Amino acid sequence: MKVPGPDHPITITPFAGRVRVIAQGNVIADTSHALSLAEADYPVALYVPRGDTHMAALTPSSHHTSCPYKGEASYFDIGEAKNAVWSYEAPYPAVAAIAGHLAFYPDKVKIERLPPG
């Protein structure tokens with residue numbers, strides 16, 4: 001486990017707006033409670049609460065990855081979109097805020113960033 005710092009910063013903040021995730025023409029998630037995770041030089045990832053996600057549309061995948069800063073990621077498929085969603089079920093303490101949240105690959109779903117409402 002590595003701790004974020006000046007050489008690899010990670011910042012988690014509430015997203016100031018609404019996030020809607022659409023896959024295969026269906027709204028998969030819609031929330032005003034997303035978190036924005038900025039990590040080093042990577043694109044910002046939006047994490048959506050599971051409670052604001054249509055979980056029945058997700059199928060657990062056997063794919064897993066490990067991040068030295070965040071922990072082990074589990075993945076989900078959405079129909080034919082394999083490993084389109086990831087989640088840290090037990091994130092490391094430095095990023096504990098993303099527990100209970102899901103992130104979506106923008107090349108596999110449509111992520112709409114909307115004004116608050």
# chains A, B, ... in the order shown; residues from 1 in each chain; ligands from 1
>>> residues_around(residues="segment 99-112 of chain A", least_positions_apart="5", cutoff="6 Å", atoms="only C-alpha atoms", output="list in words")
Val19, Arg20, Val21, Ile22, Ala23, Leu46, Tyr47, Val48, Pro49, Arg50, Ala84, Val85, Trp86, Ser87 and Glu89 of chain A
>>> residues_around(residues="Glu39 of chain A", least_positions_apart="2", cutoff="6 Å", atoms="only C-alpha atoms", output="MDAnalysis selection string")
chainID A and resid 9:10 42
>>> atom_distance(atom1="atom CA of Val95 of chain A", atom2="atom CA of Tyr75 of chain A")
17.9 Å
>>> select_by_dssp(residues="segment 6-99 of chain A", states="strand (DSSP E)", output="VMD selection string")
chain A and resid 10 to 14 18 to 23 26 to 31 35 to 39 45 to 49 59 to 67 71 to 78 81 to 88
>>> closest_residue(among="A:Ala45, A:Ala16, A:Ala57, A:Ile98", to="Ser32 of chain A", atoms="only C-alpha atoms")
A:Ala16
>>> residues_around(residues="Pro91 of chain A", least_positions_apart="3", cutoff="6 Å", atoms="only C-alpha atoms", output="VMD selection string")
chain A and resid 70 to 71 88 96
>>> residues_around(residues="Ala40 of chain A", least_positions_apart="4", cutoff="12 Å", atoms="only C-alpha atoms", output="VMD selection string")
chain A and resid 4 to 12 44 to 45 69
>>> write_last_selection(atoms="N, CA and C atoms", output="PDB file, in the first residue's frame")
ATOM      1  N   PRO A   4      -0.919   8.429  -0.967  1.00  0.00           N
ATOM      2  CA  PRO A   4      -0.800   9.558  -1.887  1.00  0.00           C
ATOM      3  C   PRO A   4       0.020  10.681  -1.264  1.00  0.00           C
ATOM      4  N   GLY A   5       0.778  11.360  -2.099  1.00  0.00           N
ATOM      5  CA  GLY A   5       1.605  12.464  -1.627  1.00  0.00           C
ATOM      6  C   GLY A   5       1.976  13.351  -2.796  1.00  0.00           C
ATOM      7  N   PRO A   6       2.959  14.221  -2.619  1.00  0.00           N
ATOM      8  CA  PRO A   6       3.325  15.168  -3.676  1.00  0.00           C
ATOM      9  C   PRO A   6       3.732  14.496  -4.993  1.00  0.00           C
ATOM     10  N   ASP A   7       4.327  13.305  -4.916  1.00  0.00           N
ATOM     11  CA  ASP A   7       4.753  12.620  -6.137  1.00  0.00           C
ATOM     12  C   ASP A   7       3.599  11.893  -6.824  1.00  0.00           C
ATOM     13  N   HIS A   8       2.512  11.627  -6.109  1.00  0.00           N
ATOM     14  CA  HIS A   8       1.333  10.955  -6.670  1.00  0.00           C
ATOM     15  C   HIS A   8       0.107  11.428  -5.876  1.00  0.00           C
ATOM     16  N   PRO A   9      -0.358  12.657  -6.152  1.00  0.00           N
ATOM     17  CA  PRO A   9      -1.491  13.185  -5.380  1.00  0.00           C
ATOM     18  C   PRO A   9      -2.820  12.555  -5.791  1.00  0.00           C
ATOM     19  N   ILE A  10      -3.688  12.385  -4.810  1.00  0.00           N
ATOM     20  CA  ILE A  10      -5.066  11.957  -5.048  1.00  0.00           C
ATOM     21  C   ILE A  10      -5.960  12.883  -4.229  1.00  0.00           C
ATOM     22  N   THR A  11      -6.925  13.497  -4.921  1.00  0.00           N
ATOM     23  CA  THR A  11      -7.861  14.393  -4.263  1.00  0.00           C
ATOM     24  C   THR A  11      -9.276  13.930  -4.568  1.00  0.00           C
ATOM     25  N   ILE A  12     -10.091  13.796  -3.535  1.00  0.00           N
ATOM     26  CA  ILE A  12     -11.489  13.393  -3.692  1.00  0.00           C
ATOM     27  C   ILE A  12     -12.358  14.540  -3.180  1.00  0.00           C
ATOM     28  N   VAL A  44      -9.737  12.860 -14.572  1.00  0.00           N
ATOM     29  CA  VAL A  44     -10.584  12.825 -13.382  1.00  0.00           C
ATOM     30  C   VAL A  44     -11.643  11.741 -13.563  1.00  0.00           C
ATOM     31  N   ALA A  45     -11.855  10.947 -12.531  1.00  0.00           N
ATOM     32  CA  ALA A  45     -12.880   9.898 -12.546  1.00  0.00           C
ATOM     33  C   ALA A  45     -14.018  10.314 -11.625  1.00  0.00           C
ATOM     34  N   TYR A  69      -2.335   2.551  -4.551  1.00  0.00           N
ATOM     35  CA  TYR A  69      -2.846   3.693  -3.798  1.00  0.00           C
ATOM     36  C   TYR A  69      -4.296   3.530  -3.348  1.00  0.00           C
TER      37      TYR A  69
END
>>> atom_distance(atom1="atom CA of Pro93 of chain A", atom2="atom CA of Ala73 of chain A")
14.5 Å
>>> residues_around(residues="Pro68 of chain A", least_positions_apart="6", cutoff="9 Å", atoms="only C-alpha atoms", output="PyMOL selection string")
chain A and resi 1-3+92
>>> residues_around(residues="Lys82 of chain A", least_positions_apart="4", cutoff="10 Å", atoms="only C-alpha atoms", output="MDAnalysis selection string")
chainID A and resid 59:61 63 75:78 108
>>> atom_distance(atom1="atom CA of Ser66 of chain A", atom2="atom CA of Thr13 of chain A")
22.4 Å
>>> select_by_dssp(residues="segment 5-115 of chain A", states="helix (DSSP H, G or I)", output="MDAnalysis selection string")
chainID A and resid 50:52 55:57 93:98
>>> closest_residue(among="A:Thr65, A:Ser36, A:Thr31, A:Thr53", to="Pro116 of chain A", atoms="only C-alpha atoms")
A:Thr31
